[in-house]
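coords_19.txt follows (compact mmCIF, C-alpha atoms):
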# COMPACT_ATOMS: atom_id res chain seq x y z
CA MET V 281 43.92 17.76 -40.44
CA ASN V 282 41.49 15.03 -41.47
CA ASN V 283 38.87 15.97 -43.95
CA PHE V 284 35.65 14.13 -43.12
CA SER V 285 33.17 13.51 -45.84
CA ARG V 286 29.59 14.28 -44.84
CA ARG V 287 28.78 10.52 -44.80
CA GLU V 288 31.74 9.75 -42.50
CA PHE V 289 30.88 12.66 -40.19
CA LEU V 290 27.22 11.60 -39.80
CA GLY V 291 28.18 7.95 -39.29
CA LEU V 292 30.73 8.78 -36.62
CA SER V 293 28.29 11.10 -34.83
CA LEU V 294 25.60 8.40 -34.75
CA LYS V 295 28.05 5.82 -33.39
CA SER V 296 29.32 8.09 -30.63
CA ILE V 297 25.77 9.05 -29.60
CA MET V 298 24.84 5.36 -29.37
CA ALA V 299 27.97 4.58 -27.36
CA LEU V 300 27.21 7.42 -24.93
CA MET V 301 23.60 6.27 -24.49
CA ALA V 302 24.69 2.69 -23.85
CA LEU V 303 27.08 3.91 -21.15
CA GLY V 304 24.55 6.10 -19.40
CA PHE V 305 21.58 3.74 -19.50
CA PRO V 306 20.80 1.81 -16.28
CA LYS V 307 22.01 -1.61 -17.25
CA LYS V 308 19.42 -3.72 -15.46
CA LEU V 309 16.54 -1.85 -17.09
CA LEU V 310 17.05 -3.83 -20.27
CA ALA V 311 17.24 -7.26 -18.69
CA MET V 312 14.56 -9.08 -16.72
CA THR V 313 15.21 -8.92 -12.99
CA THR V 314 14.58 -11.88 -10.71
CA LEU V 315 14.91 -11.27 -6.97
CA ASP V 316 14.52 -14.38 -4.79
CA GLY V 317 12.41 -16.03 -7.49
CA TYR V 318 10.18 -12.97 -7.97
CA LYS V 319 10.13 -11.73 -11.58
CA VAL V 320 9.87 -7.97 -11.12
CA GLU V 321 9.02 -6.85 -14.66
CA GLU V 322 6.21 -9.38 -15.11
CA HIS V 323 4.15 -7.40 -12.59
CA LEU V 324 2.45 -4.03 -12.42
CA TRP V 325 0.45 -3.87 -9.23
CA GLY V 326 -3.00 -2.28 -9.08
CA TYR V 327 -5.60 -1.97 -6.35
CA GLY V 328 -9.39 -1.70 -6.40
CA ILE V 329 -11.79 -0.24 -3.82
CA ASP V 330 -15.52 -0.95 -4.13
CA VAL V 331 -16.98 1.80 -1.94
CA ASP V 332 -20.50 0.32 -2.20
CA LYS V 333 -19.35 -2.65 -0.10
CA CYS V 334 -17.43 -0.86 2.68
CA ILE V 335 -19.00 -1.16 6.15
CA GLY V 336 -16.36 0.90 7.98
CA CYS V 337 -15.32 -1.92 10.32
CA GLY V 338 -11.70 -0.76 10.20
CA ARG V 339 -10.20 -4.29 10.03
CA CYS V 340 -7.98 -3.10 7.15
CA VAL V 341 -6.55 -0.26 9.26
CA ASP V 342 -5.88 -2.66 12.13
CA ALA V 343 -4.28 -5.29 9.88
CA CYS V 344 -2.06 -2.68 8.23
CA LYS V 345 -0.80 -1.38 11.57
CA VAL V 346 -0.07 -4.90 12.84
CA GLU V 347 1.60 -6.15 9.66
CA ASN V 348 3.78 -3.11 9.13
CA HIS V 349 4.40 -1.94 12.73
CA VAL V 350 2.79 1.44 12.07
CA PRO V 351 2.79 3.42 15.37
CA ASP V 352 -0.46 3.08 17.33
CA ASP V 353 -0.99 6.84 17.71
CA PRO V 354 -4.22 8.01 16.06
CA PHE V 355 -2.45 10.16 13.46
CA PHE V 356 -0.03 7.74 11.76
CA PHE V 357 -1.67 5.64 9.05
CA ARG V 358 -0.65 3.85 5.89
CA THR V 359 -4.33 3.28 5.17
CA TRP V 360 -7.42 4.70 6.84
CA VAL V 361 -11.20 4.88 6.37
CA GLU V 362 -13.15 8.14 6.02
CA ARG V 363 -16.88 8.61 6.52
CA TYR V 364 -18.60 11.08 4.21
CA ALA V 365 -21.97 12.57 5.16
CA GLU V 366 -23.77 14.92 2.81
CA ARG V 367 -26.39 17.22 4.39
CA ALA V 368 -29.28 18.96 2.69
CA GLY V 369 -27.93 22.10 1.03
CA GLY V 370 -24.75 20.38 -0.13
CA LYS V 371 -22.71 20.60 3.09
CA VAL V 372 -20.32 17.63 3.32
CA GLU V 373 -18.87 16.35 6.60
CA VAL V 374 -15.88 14.00 6.68
CA ASP V 375 -14.67 12.22 9.80
CA SER V 376 -12.19 9.45 10.52
CA ARG V 377 -11.78 8.91 14.26
CA ASN V 378 -8.56 6.93 14.84
CA GLY V 379 -8.50 6.33 11.08
CA GLY V 380 -11.59 4.15 11.48
CA ARG V 381 -9.58 1.50 13.33
CA ASP V 382 -12.22 1.23 16.12
CA GLY V 383 -15.15 1.26 13.71
CA PHE V 384 -17.67 4.10 13.45
CA HIS V 385 -20.57 4.96 15.76
CA ASP V 386 -23.80 5.64 13.94
CA LEU V 387 -24.35 9.27 12.93
CA LYS V 388 -26.30 11.02 15.70
CA ASP V 389 -28.04 13.64 13.60
CA LYS V 390 -29.87 12.02 10.69
CA LYS V 391 -32.44 14.77 10.14
CA ASP V 392 -31.14 16.50 7.03
CA LEU V 393 -28.87 13.66 5.92
CA VAL V 394 -28.87 13.14 2.16
CA LYS V 395 -26.42 10.26 2.05
CA SER V 396 -23.48 8.79 3.91
CA PHE V 397 -20.84 6.25 3.01
CA PHE V 398 -17.32 5.03 3.88
CA VAL V 399 -14.26 5.60 1.69
CA PRO V 400 -11.04 3.69 2.41
CA LYS V 401 -7.92 5.71 1.60
CA ILE V 402 -4.41 4.53 0.82
CA CYS V 403 -1.31 5.60 -1.12
CA ASN V 404 -2.35 5.83 -4.78
CA HIS V 405 0.96 4.46 -6.10
CA CYS V 406 0.86 7.05 -8.87
CA GLU V 407 2.37 6.39 -12.26
CA HIS V 408 3.76 9.95 -12.00
CA PRO V 409 4.34 10.29 -8.24
CA PRO V 410 4.95 13.89 -7.06
CA CYS V 411 6.64 12.56 -3.89
CA VAL V 412 9.34 10.83 -5.95
CA GLN V 413 9.87 13.92 -8.07
CA VAL V 414 10.62 16.14 -5.07
CA CYS V 415 12.85 13.76 -3.09
CA PRO V 416 16.27 15.46 -3.02
CA VAL V 417 18.29 12.29 -2.35
CA GLY V 418 16.55 9.48 -4.28
CA ALA V 419 15.24 7.84 -1.12
CA THR V 420 11.73 7.34 -2.50
CA TYR V 421 11.14 5.80 -5.88
CA LYS V 422 8.78 3.90 -8.12
CA SER V 423 9.85 0.28 -8.37
CA PRO V 424 9.86 -1.47 -11.78
CA ASP V 425 6.57 -3.18 -10.78
CA GLY V 426 4.89 0.15 -10.11
CA VAL V 427 5.03 0.38 -6.31
CA VAL V 428 6.15 3.65 -4.70
CA LEU V 429 8.62 2.67 -1.99
CA VAL V 430 10.84 4.37 0.59
CA ASP V 431 14.49 3.55 1.29
CA PRO V 432 14.60 4.25 5.04
CA GLY V 433 18.38 3.96 5.16
CA TYR V 434 18.75 6.72 2.60
CA CYS V 435 15.91 9.06 3.67
CA ILE V 436 17.08 12.24 5.43
CA GLY V 437 13.64 13.00 6.92
CA CYS V 438 13.21 16.37 5.19
CA ARG V 439 9.42 15.85 4.87
CA TYR V 440 9.34 17.33 1.36
CA CYS V 441 7.56 14.22 0.00
CA ILE V 442 4.96 14.39 2.79
CA GLN V 443 3.81 17.85 1.81
CA ALA V 444 4.07 17.06 -1.92
CA CYS V 445 1.65 14.12 -1.74
CA PRO V 446 -1.79 15.34 -2.87
CA TYR V 447 -3.47 12.39 -1.13
CA GLY V 448 -1.94 12.83 2.34
CA ALA V 449 -0.69 9.26 2.24
CA ARG V 450 2.70 9.79 3.93
CA TYR V 451 3.84 10.50 7.47
CA LEU V 452 7.12 10.95 9.29
CA HIS V 453 7.83 7.87 11.39
CA PRO V 454 8.17 9.18 14.97
CA GLU V 455 10.91 6.71 15.98
CA LYS V 456 12.83 6.17 12.76
CA HIS V 457 12.54 9.87 11.73
CA VAL V 458 12.11 8.93 8.08
CA ALA V 459 9.15 9.14 5.71
CA ASP V 460 6.88 6.10 5.83
CA LYS V 461 3.99 4.99 3.64
CA CYS V 462 2.01 2.12 2.16
CA THR V 463 4.19 -0.36 0.29
CA PHE V 464 1.28 -2.62 -0.87
CA CYS V 465 2.94 -4.88 1.76
CA TYR V 466 5.87 -5.41 -0.62
CA GLN V 467 7.13 -8.21 1.66
CA ARG V 468 3.85 -10.08 1.00
CA ILE V 469 3.03 -9.38 -2.65
CA THR V 470 6.47 -10.49 -3.81
CA LYS V 471 5.77 -13.87 -2.19
CA GLY V 472 2.39 -14.33 -3.87
CA LEU V 473 0.34 -13.15 -0.88
CA LYS V 474 -2.19 -10.32 -0.77
CA PRO V 475 -1.53 -7.06 1.12
CA ALA V 476 -2.67 -7.29 4.76
CA CYS V 477 -5.56 -4.84 4.25
CA VAL V 478 -6.95 -6.87 1.33
CA GLU V 479 -6.52 -10.06 3.32
CA ALA V 480 -8.40 -8.49 6.24
CA CYS V 481 -11.31 -6.95 4.33
CA PRO V 482 -14.41 -9.03 5.22
CA THR V 483 -16.69 -7.64 2.50
CA GLY V 484 -14.50 -7.69 -0.62
CA THR V 485 -14.30 -3.89 -0.70
CA ARG V 486 -10.57 -4.02 -1.23
CA LEU V 487 -9.01 -6.10 -3.98
CA PHE V 488 -5.59 -6.36 -5.50
CA GLY V 489 -3.79 -7.85 -8.46
CA ASN V 490 -1.39 -7.68 -11.37
CA LEU V 491 -2.44 -5.21 -14.06
CA LYS V 492 -0.30 -7.13 -16.58
CA ASP V 493 -2.43 -10.27 -16.05
CA GLU V 494 -5.71 -10.20 -17.99
CA ASN V 495 -7.54 -12.39 -15.45
CA SER V 496 -6.29 -10.86 -12.21
CA PRO V 497 -8.93 -9.65 -9.71
CA ILE V 498 -8.03 -6.02 -10.40
CA ASN V 499 -8.44 -6.32 -14.17
CA ARG V 500 -11.79 -8.12 -13.77
CA PHE V 501 -12.86 -5.33 -11.38
CA ILE V 502 -11.84 -2.59 -13.83
CA LYS V 503 -13.72 -4.32 -16.66
CA ALA V 504 -16.88 -5.06 -14.66
CA LYS V 505 -17.23 -1.75 -12.77
CA LYS V 506 -17.32 1.90 -13.69
CA VAL V 507 -14.11 2.94 -12.01
CA MET V 508 -12.41 6.27 -11.43
CA VAL V 509 -9.33 7.55 -9.62
CA LEU V 510 -8.89 10.34 -7.06
CA LYS V 511 -7.92 13.82 -8.31
CA PRO V 512 -7.50 12.80 -11.96
CA ASP V 513 -6.95 16.45 -12.91
CA LEU V 514 -3.51 16.38 -11.24
CA GLY V 515 -2.16 13.98 -13.87
CA THR V 516 -0.61 11.69 -11.24
CA ARG V 517 -2.30 8.63 -12.82
CA PRO V 518 -3.11 6.68 -9.61
CA LYS V 519 -3.23 2.88 -9.58
CA ILE V 520 -5.97 2.77 -6.92
CA TYR V 521 -9.24 2.33 -8.80
CA TYR V 522 -12.44 3.35 -6.99
CA SER V 523 -15.93 2.18 -7.84
CA GLY V 524 -18.96 3.94 -6.40
CA ILE V 525 -17.38 7.17 -5.16
CA ASP V 526 -19.18 10.46 -5.43
CA LYS V 527 -18.20 13.96 -6.48
CA GLU V 528 -17.57 14.94 -2.82
CA VAL V 529 -14.70 12.50 -2.42
CA ARG V 530 -11.27 14.12 -2.67
CA MET B 268 65.34 40.91 -13.37
CA SER B 269 61.88 39.57 -13.61
CA LYS B 270 61.08 36.01 -14.64
CA THR B 271 59.34 35.82 -17.94
CA ILE B 272 56.12 33.89 -17.96
CA SER B 273 55.03 32.03 -21.03
CA ASP B 274 51.94 33.27 -22.82
CA TYR B 275 50.10 30.06 -21.97
CA GLU B 276 51.01 29.76 -18.28
CA HIS B 277 47.69 31.12 -16.94
CA ILE B 278 45.72 28.74 -19.15
CA LYS B 279 47.80 25.79 -17.93
CA ARG B 280 47.07 26.74 -14.33
CA LEU B 281 43.39 27.10 -15.05
CA ILE B 282 43.30 23.67 -16.68
CA ILE B 283 45.03 22.11 -13.66
CA ILE B 284 42.54 23.70 -11.24
CA ILE B 285 39.54 22.55 -13.31
CA PHE B 286 41.05 19.07 -13.59
CA LEU B 287 41.52 18.88 -9.81
CA LEU B 288 37.96 20.05 -9.17
CA VAL B 289 36.48 17.49 -11.57
CA ALA B 290 38.70 14.68 -10.22
CA GLY B 291 37.72 15.63 -6.66
CA PHE B 292 34.02 15.60 -7.56
CA ILE B 293 34.33 12.17 -9.17
CA ALA B 294 36.27 10.83 -6.17
CA VAL B 295 33.68 12.15 -3.67
CA ARG B 296 30.87 10.68 -5.75
CA PHE B 297 32.68 7.36 -5.93
CA ILE B 298 33.01 7.24 -2.14
CA PHE B 299 29.56 8.46 -1.12
CA VAL B 300 27.18 7.16 -3.82
CA PRO B 301 26.31 3.51 -3.02
CA LYS B 302 27.42 0.95 -5.60
CA ASP B 303 23.84 -0.15 -6.33
CA PHE B 304 22.54 3.37 -6.94
CA TYR B 305 21.21 3.67 -10.53
CA GLU B 306 20.99 -0.13 -10.72
CA TYR B 307 17.33 0.21 -11.79
CA GLY B 308 16.87 3.97 -11.60
CA HIS B 309 17.53 7.00 -9.42
CA TYR B 310 17.59 5.00 -6.17
CA ARG B 311 19.53 2.31 -4.33
CA GLY B 312 18.79 -1.04 -6.02
CA GLY B 313 19.32 -2.92 -2.76
CA SER B 314 16.35 -1.09 -1.26
CA LEU B 315 14.03 -3.30 -3.36
CA THR B 316 15.20 -6.51 -1.68
CA GLU B 317 15.20 -4.77 1.73
CA ASN B 318 11.52 -3.95 1.25
CA MET B 319 10.92 -7.56 0.16
CA ASP B 320 12.68 -8.99 3.21
CA ARG B 321 10.62 -7.24 5.91
CA PRO B 322 9.05 -9.70 8.36
CA LEU B 323 5.50 -10.95 7.75
CA ASN B 324 2.85 -11.11 10.48
CA TYR B 325 -0.26 -12.36 8.68
CA ALA B 326 -0.25 -15.90 7.30
CA GLY B 327 -3.51 -15.84 5.30
CA SER B 328 -6.36 -18.33 5.76
CA GLN B 329 -4.89 -21.14 3.69
CA PRO B 330 -2.34 -22.44 6.24
CA CYS B 331 -5.16 -22.71 8.83
CA ALA B 332 -6.80 -25.43 6.73
CA ASP B 333 -3.77 -27.69 7.13
CA CYS B 334 -4.51 -28.34 10.81
CA HIS B 335 -8.03 -27.07 11.50
CA GLU B 336 -9.58 -28.97 8.62
CA GLU B 337 -13.10 -29.39 9.99
CA LYS B 338 -13.53 -25.78 11.11
CA HIS B 339 -12.10 -24.62 7.80
CA ARG B 340 -14.65 -26.71 5.88
CA LEU B 341 -17.57 -25.36 7.92
CA TRP B 342 -16.34 -21.77 7.62
CA SER B 343 -15.57 -21.95 3.89
CA SER B 344 -19.18 -22.76 3.00
CA SER B 345 -20.72 -20.28 5.47
CA LYS B 346 -21.82 -16.69 5.12
CA HIS B 347 -18.65 -15.72 6.94
CA LYS B 348 -16.40 -17.26 4.26
CA THR B 349 -15.17 -13.81 3.24
CA VAL B 350 -14.13 -13.05 6.83
CA ASN B 351 -10.65 -14.49 7.06
CA CYS B 352 -9.45 -16.42 10.14
CA GLU B 353 -7.04 -13.67 11.16
CA ASP B 354 -9.77 -11.02 11.18
CA CYS B 355 -11.05 -12.43 14.48
CA HIS B 356 -8.12 -14.52 15.73
CA GLY B 357 -5.34 -11.97 15.12
CA ALA B 358 -2.15 -12.16 13.07
CA LEU B 359 -1.02 -15.80 13.15
CA ARG B 360 2.14 -16.12 11.13
CA LYS B 361 4.06 -16.99 14.32
CA HIS B 362 1.40 -19.57 15.24
CA THR B 363 1.86 -21.35 11.89
CA GLU B 364 5.61 -21.51 12.50
CA ASP B 365 5.33 -22.69 16.10
CA PRO B 366 1.75 -23.90 16.79
CA SER B 367 2.38 -25.21 20.29
CA SER B 368 3.88 -22.15 21.99
CA VAL B 369 2.17 -19.27 20.13
CA LYS B 370 -1.61 -19.49 20.54
CA PRO B 371 -4.19 -17.45 18.65
CA ARG B 372 -6.20 -14.95 20.68
CA LYS B 373 -9.79 -15.71 21.65
CA PRO B 374 -11.96 -13.34 19.63
CA ALA B 375 -13.32 -10.46 21.69
CA GLY B 376 -17.04 -10.77 22.41
CA ARG B 377 -20.06 -8.72 21.49
CA ASP B 378 -18.26 -5.42 20.91
CA PHE B 379 -16.02 -7.02 18.30
CA CYS B 380 -19.00 -8.48 16.36
CA LEU B 381 -20.63 -5.06 16.50
CA LEU B 382 -17.73 -3.49 14.59
CA CYS B 383 -19.36 -5.01 11.50
CA HIS B 384 -22.92 -5.70 12.57
CA ALA B 385 -24.00 -2.60 14.55
CA LYS B 386 -26.74 -0.60 12.85
CA ASN B 387 -25.15 2.32 11.03
CA VAL B 388 -26.79 4.58 8.47
CA SER B 389 -23.51 4.86 6.54
CA LYS B 390 -23.29 1.11 5.89
CA PRO B 391 -24.74 -0.45 2.73
CA GLY B 392 -28.42 -1.23 3.45
CA ASN B 393 -28.19 -4.89 2.46
CA PHE B 394 -25.50 -5.67 5.05
CA PRO B 395 -26.90 -7.55 8.10
CA GLN B 396 -27.03 -5.08 11.01
CA ILE B 397 -28.64 -5.13 14.47
CA ARG B 398 -29.79 -2.46 16.91
CA SER B 399 -27.58 -3.68 19.74
CA TRP B 400 -29.71 -2.03 22.46
CA GLU B 401 -32.76 -4.04 21.29
CA HIS B 402 -31.07 -7.27 20.19
CA ASN B 403 -30.49 -9.28 23.43
CA PRO B 404 -28.36 -6.61 25.12
CA GLY B 405 -25.59 -7.97 27.32
CA LEU B 406 -25.54 -11.43 25.76
CA ASN B 407 -22.50 -12.78 23.96
CA CYS B 408 -23.24 -13.19 20.21
CA ALA B 409 -21.63 -16.64 20.19
CA ASP B 410 -24.20 -17.85 22.75
CA CYS B 411 -26.67 -18.09 19.87
CA HIS B 412 -24.76 -17.70 16.59
CA ASN B 413 -21.87 -19.89 15.54
CA PRO B 414 -19.24 -17.43 14.27
CA HIS B 415 -17.90 -20.07 11.87
CA ASN B 416 -21.35 -20.55 10.35
CA PRO B 417 -23.70 -17.74 11.36
CA LEU B 418 -27.37 -18.16 10.51
CA PRO B 419 -30.55 -16.38 11.56
CA LEU B 420 -32.07 -18.19 14.56
CA GLY B 421 -35.03 -19.58 12.57
CA GLU B 422 -32.67 -21.40 10.21
CA GLY B 423 -30.81 -23.28 12.88
CA GLY B 424 -28.68 -20.36 13.99
CA ARG B 425 -28.91 -21.62 17.57
CA PHE B 426 -26.25 -24.27 17.76
CA ALA B 427 -24.75 -26.68 20.25
CA PRO B 428 -23.36 -25.14 23.48
CA ALA B 429 -20.89 -22.31 23.01
CA GLY B 430 -17.33 -23.37 22.31
CA GLU B 431 -18.08 -26.14 19.84
CA GLY B 432 -17.93 -25.46 16.15

Reformat the file's structure so that it appears as C-alpha cells.
Amino acid sequence: MNNFSRREFLGLSLKSIMALMALGFPKKLLAMTTLDGYKVEEHLWGYGIDVDKCIGCGRCVDACKVENHVPDDPFFFRTWVERYAERAGGKVEVDSRNGGRDGFHDLKDKKDLVKSFFVPKICNHCEHPPCVQVCPVGATYKSPDGVVLVDPGYCIGCRYCIQACPYGARYLHPEKHVADKCTFCYQRITKGLKPACVEACPTGTRLFGNLKDENSPINRFIKAKKVMVLKPDLGTRPKIYYSGIDKEVR
Amino acid sequence: MSKTISDYEHIKRLIIIIFLLVAGFIAVRFIFVPKDFYEYGHYRGGSLTENMDRPLNYAGSQPCADCHEEKHRLWSSSKHKTVNCEDCHGALRKHTEDPSSVKPRKPAGRDFCLLCHAKNVSKPGNFPQIRSWEHNPGLNCADCHNPHNPLPLGEGGRFAPAGEG
C-alpha cells in the first residue's frame, strides 16, 4: 500500500478535480464562436420600448406576423400592443383587440378617464428565463448572445414553458405543435439587420441594439431615459427596457 | 450433493448486473442524444444556426435607395422619414431579389393612413391626428398630401396630381 504524504495527497486531488472539470465543461464555451461570419460572444442583445411614443398603429404586430409566419388567428402573437385605460377610482382596463394589429378605435367612454396609453409587449429575453428552467428536454435555451430561442425539432409540445412564462410571451404553434415565441428575429439580427418590429415602428417607440457596445441605440436609450423592466420582483432580469410605463403595467 | 458457491459469487453477479445497466444507459444516451447537444450548453448547438438560417421577408429601407433614388431622397428629409418603405408597401425582400416579377403592393388608402393619424385619446398628444369624420370624409389622403413628404396644406402640402412623388 502506498503511503501518501499530505502534500502528495492534496496535489493529486487538485489535479484530478481539474481534469474532471475540463472533461465536463462545454468545450465551445471557452472559445469564441463564429457562425457564418457572426461573432456570437461579441453580442448581448437588448431591446428598448419608449411607451411615450407609441401610437398603437400595430405595424410592429403586422411586421412580426409577416416576417416570422406567425398564424393569423387573433390569439397567436410573438409581439402585441395593449391599451391601458385608468378610470377615476383606480379601475384599470386593458384591451388588445387582435393584438393591436388593426389599430385601436378611440375609447368611447372618456367621462371618468384619468389616463390612457399603449404598451407594446414582447418576450423579455430574461437573463434567468423560467421557461428554459422548466423545459424537460432542453428544447428552449438562452443563446450565448442572450436570446431565448426554441429548437422546434427537439420540442415535444408539452406546454410547460408556456405556463411558466410570467409575461405570457409564448404560444403553442397550431400547425407545428411546438412552442413558439419571439426570437428577436434571430435570422435578421445575426446579419446586421434590425428585428422586423423595430424596422416597422414608425415613431421610434421600439429600439434594439448590442448591450456590449457602448454606443448602440439600446445603451444610449438606457443612459438617456429612466428605464425599468416588467415584474422586476420575479428576479428574471428581463432585457426589454421600458421607459414611461406606469404602476398599472404588468 | 450440492454445488458449493463461493463466498463472493453474489457480489460478482451484482457487479455484472450494475455494469450492464450502466453500459446500457451509456449506449442509449449515445444513440439518442444528438452529437451537438452540450456544444454550448444544455441544448442542441445546431439549433443556433437553424434559427439563423430562417428565411427573411423584410429587406429594410436601405436597398430601396439603390433603385428609387429620387423618392428615397424626398422621403429621407420628410416628416415621414421614420416610416420605413415597407410599412406602407409591404415586405419587399422578394422584390429586391427579383424586381421585375415581384411588385410592391399599392398602399391601402384612407383607412391605412388612419391607423396612425386617427384621433385617439390614448395616443401621445403631440402626434398629428385628425377627426376623420370632419376632415374631408371620403377623400383619399394622397389626393392632397404626398405620403413621401407630407405637409400641412398651408405649407405646400397640396402637391402635383396624385401618383407623382

Please identify every residue of segment 302-373 of chain B that has at least one atom no farther than 8 Å from an atom of segment 460-481 of chain V, counting only C-alpha atoms, and for each give the shortest atom pair and the distance in Å to one decimal, arranged by chain then increasing number, as CSV.
residue,atom,partner,partner_atom,distance
B:Asn318,CA,V:Tyr466,CA,6.1
B:Met319,CA,V:Gln467,CA,4.1
B:Asp320,CA,V:Gln467,CA,5.8
B:Arg321,CA,V:Gln467,CA,5.6
B:Pro322,CA,V:Gln467,CA,7.1
B:Leu323,CA,V:Gln467,CA,6.9
B:Tyr325,CA,V:Ala476,CA,6.8
B:Gly327,CA,V:Glu479,CA,6.8
B:Thr349,CA,V:Cys481,CA,7.9
B:Val350,CA,V:Cys481,CA,7.2
B:Asn351,CA,V:Ala480,CA,6.5
B:Glu353,CA,V:Ala480,CA,7.3
B:Asp354,CA,V:Ala480,CA,5.7

Between atom CA of Tyr447 of chain V and atom CA of Asn404 of chain V, distance in Å (one decimal):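 Distance between the two atoms: 7.6 Å.
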
Point-to-point distance from atom CA of Gly328 of chain V to atom CA of Cys344 of chain V, Å rounded to tenths: 16.4 Å

For Pro419 of chain B, the nearest of the candidates B:Lys346, B:Ala375, B:Cys352, B:Pro301, counting all atoms listed in the file: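 For Pro419 of chain B, the nearest of the candidates is B:Lys346.
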
Separation of atom CA of Pro410 of chain V from atom CA of Asp493 of chain V, in Å and rounded to one decimal: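 Between these atoms lies a distance of 26.8 Å.
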
Please, which residues in chain B fall within 10 Å of chain V when counting all atoms listed in the file, and what is the closest atom pair and distance in Å to one decimal for each, ordered by chain then residue number, as JSON lines?
{"residue": "B:Pro301", "atom": "CA", "partner": "V:Tyr434", "partner_atom": "CA", "distance": 10.0}
{"residue": "B:Phe304", "atom": "CA", "partner": "V:Gly418", "partner_atom": "CA", "distance": 9.0}
{"residue": "B:Tyr305", "atom": "CA", "partner": "V:Pro306", "partner_atom": "CA", "distance": 6.1}
{"residue": "B:Glu306", "atom": "CA", "partner": "V:Pro306", "partner_atom": "CA", "distance": 5.9}
{"residue": "B:Tyr307", "atom": "CA", "partner": "V:Leu309", "partner_atom": "CA", "distance": 5.7}
{"residue": "B:Gly308", "atom": "CA", "partner": "V:Pro306", "partner_atom": "CA", "distance": 6.5}
{"residue": "B:His309", "atom": "CA", "partner": "V:Gly418", "partner_atom": "CA", "distance": 5.8}
{"residue": "B:Tyr310", "atom": "CA", "partner": "V:Gly418", "partner_atom": "CA", "distance": 5.0}
{"residue": "B:Arg311", "atom": "CA", "partner": "V:Asp431", "partner_atom": "CA", "distance": 7.7}
{"residue": "B:Gly312", "atom": "CA", "partner": "V:Ser423", "partner_atom": "CA", "distance": 9.3}
{"residue": "B:Gly313", "atom": "CA", "partner": "V:Asp431", "partner_atom": "CA", "distance": 9.0}
{"residue": "B:Ser314", "atom": "CA", "partner": "V:Asp431", "partner_atom": "CA", "distance": 5.6}
{"residue": "B:Leu315", "atom": "CA", "partner": "V:Ser423", "partner_atom": "CA", "distance": 7.4}
{"residue": "B:Thr316", "atom": "CA", "partner": "V:Leu315", "partner_atom": "CA", "distance": 7.1}
{"residue": "B:Glu317", "atom": "CA", "partner": "V:Asp431", "partner_atom": "CA", "distance": 8.4}
{"residue": "B:Asn318", "atom": "CA", "partner": "V:Tyr466", "partner_atom": "CA", "distance": 6.1}
{"residue": "B:Met319", "atom": "CA", "partner": "V:Gln467", "partner_atom": "CA", "distance": 4.1}
{"residue": "B:Asp320", "atom": "CA", "partner": "V:Gln467", "partner_atom": "CA", "distance": 5.8}
{"residue": "B:Arg321", "atom": "CA", "partner": "V:Gln467", "partner_atom": "CA", "distance": 5.6}
{"residue": "B:Pro322", "atom": "CA", "partner": "V:Gln467", "partner_atom": "CA", "distance": 7.1}
{"residue": "B:Leu323", "atom": "CA", "partner": "V:Glu347", "partner_atom": "CA", "distance": 6.5}
{"residue": "B:Asn324", "atom": "CA", "partner": "V:Glu347", "partner_atom": "CA", "distance": 5.2}
{"residue": "B:Tyr325", "atom": "CA", "partner": "V:Glu347", "partner_atom": "CA", "distance": 6.6}
{"residue": "B:Ala326", "atom": "CA", "partner": "V:Leu473", "partner_atom": "CA", "distance": 8.7}
{"residue": "B:Gly327", "atom": "CA", "partner": "V:Glu479", "partner_atom": "CA", "distance": 6.8}
{"residue": "B:Ser328", "atom": "CA", "partner": "V:Glu479", "partner_atom": "CA", "distance": 8.6}
{"residue": "B:His347", "atom": "CA", "partner": "V:Pro482", "partner_atom": "CA", "distance": 8.1}
{"residue": "B:Lys348", "atom": "CA", "partner": "V:Pro482", "partner_atom": "CA", "distance": 8.5}
{"residue": "B:Thr349", "atom": "CA", "partner": "V:Pro482", "partner_atom": "CA", "distance": 5.2}
{"residue": "B:Val350", "atom": "CA", "partner": "V:Pro482", "partner_atom": "CA", "distance": 4.3}
{"residue": "B:Asn351", "atom": "CA", "partner": "V:Ala480", "partner_atom": "CA", "distance": 6.5}
{"residue": "B:Cys352", "atom": "CA", "partner": "V:Ala480", "partner_atom": "CA", "distance": 8.9}
{"residue": "B:Glu353", "atom": "CA", "partner": "V:Ala480", "partner_atom": "CA", "distance": 7.3}
{"residue": "B:Asp354", "atom": "CA", "partner": "V:Ala480", "partner_atom": "CA", "distance": 5.7}
{"residue": "B:Cys355", "atom": "CA", "partner": "V:Arg339", "partner_atom": "CA", "distance": 9.3}
{"residue": "B:Gly357", "atom": "CA", "partner": "V:Ala343", "partner_atom": "CA", "distance": 8.6}
{"residue": "B:Ala358", "atom": "CA", "partner": "V:Val346", "partner_atom": "CA", "distance": 7.6}
{"residue": "B:Phe379", "atom": "CA", "partner": "V:Asp382", "partner_atom": "CA", "distance": 9.3}
{"residue": "B:Cys380", "atom": "CA", "partner": "V:Cys337", "partner_atom": "CA", "distance": 9.6}
{"residue": "B:Leu381", "atom": "CA", "partner": "V:Cys337", "partner_atom": "CA", "distance": 8.7}
{"residue": "B:Leu382", "atom": "CA", "partner": "V:Cys337", "partner_atom": "CA", "distance": 5.1}
{"residue": "B:Cys383", "atom": "CA", "partner": "V:Cys337", "partner_atom": "CA", "distance": 5.2}
{"residue": "B:His384", "atom": "CA", "partner": "V:Cys337", "partner_atom": "CA", "distance": 8.8}
{"residue": "B:Ala385", "atom": "CA", "partner": "V:Asp386", "partner_atom": "CA", "distance": 8.3}
{"residue": "B:Lys386", "atom": "CA", "partner": "V:Asp386", "partner_atom": "CA", "distance": 7.0}
{"residue": "B:Asn387", "atom": "CA", "partner": "V:Asp386", "partner_atom": "CA", "distance": 4.6}
{"residue": "B:Val388", "atom": "CA", "partner": "V:Asp386", "partner_atom": "CA", "distance": 6.3}
{"residue": "B:Ser389", "atom": "CA", "partner": "V:Phe397", "partner_atom": "CA", "distance": 4.6}
{"residue": "B:Lys390", "atom": "CA", "partner": "V:Ile335", "partner_atom": "CA", "distance": 4.9}
{"residue": "B:Pro391", "atom": "CA", "partner": "V:Lys333", "partner_atom": "CA", "distance": 6.5}
{"residue": "B:Gly392", "atom": "CA", "partner": "V:Ile335", "partner_atom": "CA", "distance": 9.8}
{"residue": "B:Asn393", "atom": "CA", "partner": "V:Lys333", "partner_atom": "CA", "distance": 9.5}
{"residue": "B:Phe394", "atom": "CA", "partner": "V:Ile335", "partner_atom": "CA", "distance": 8.0}
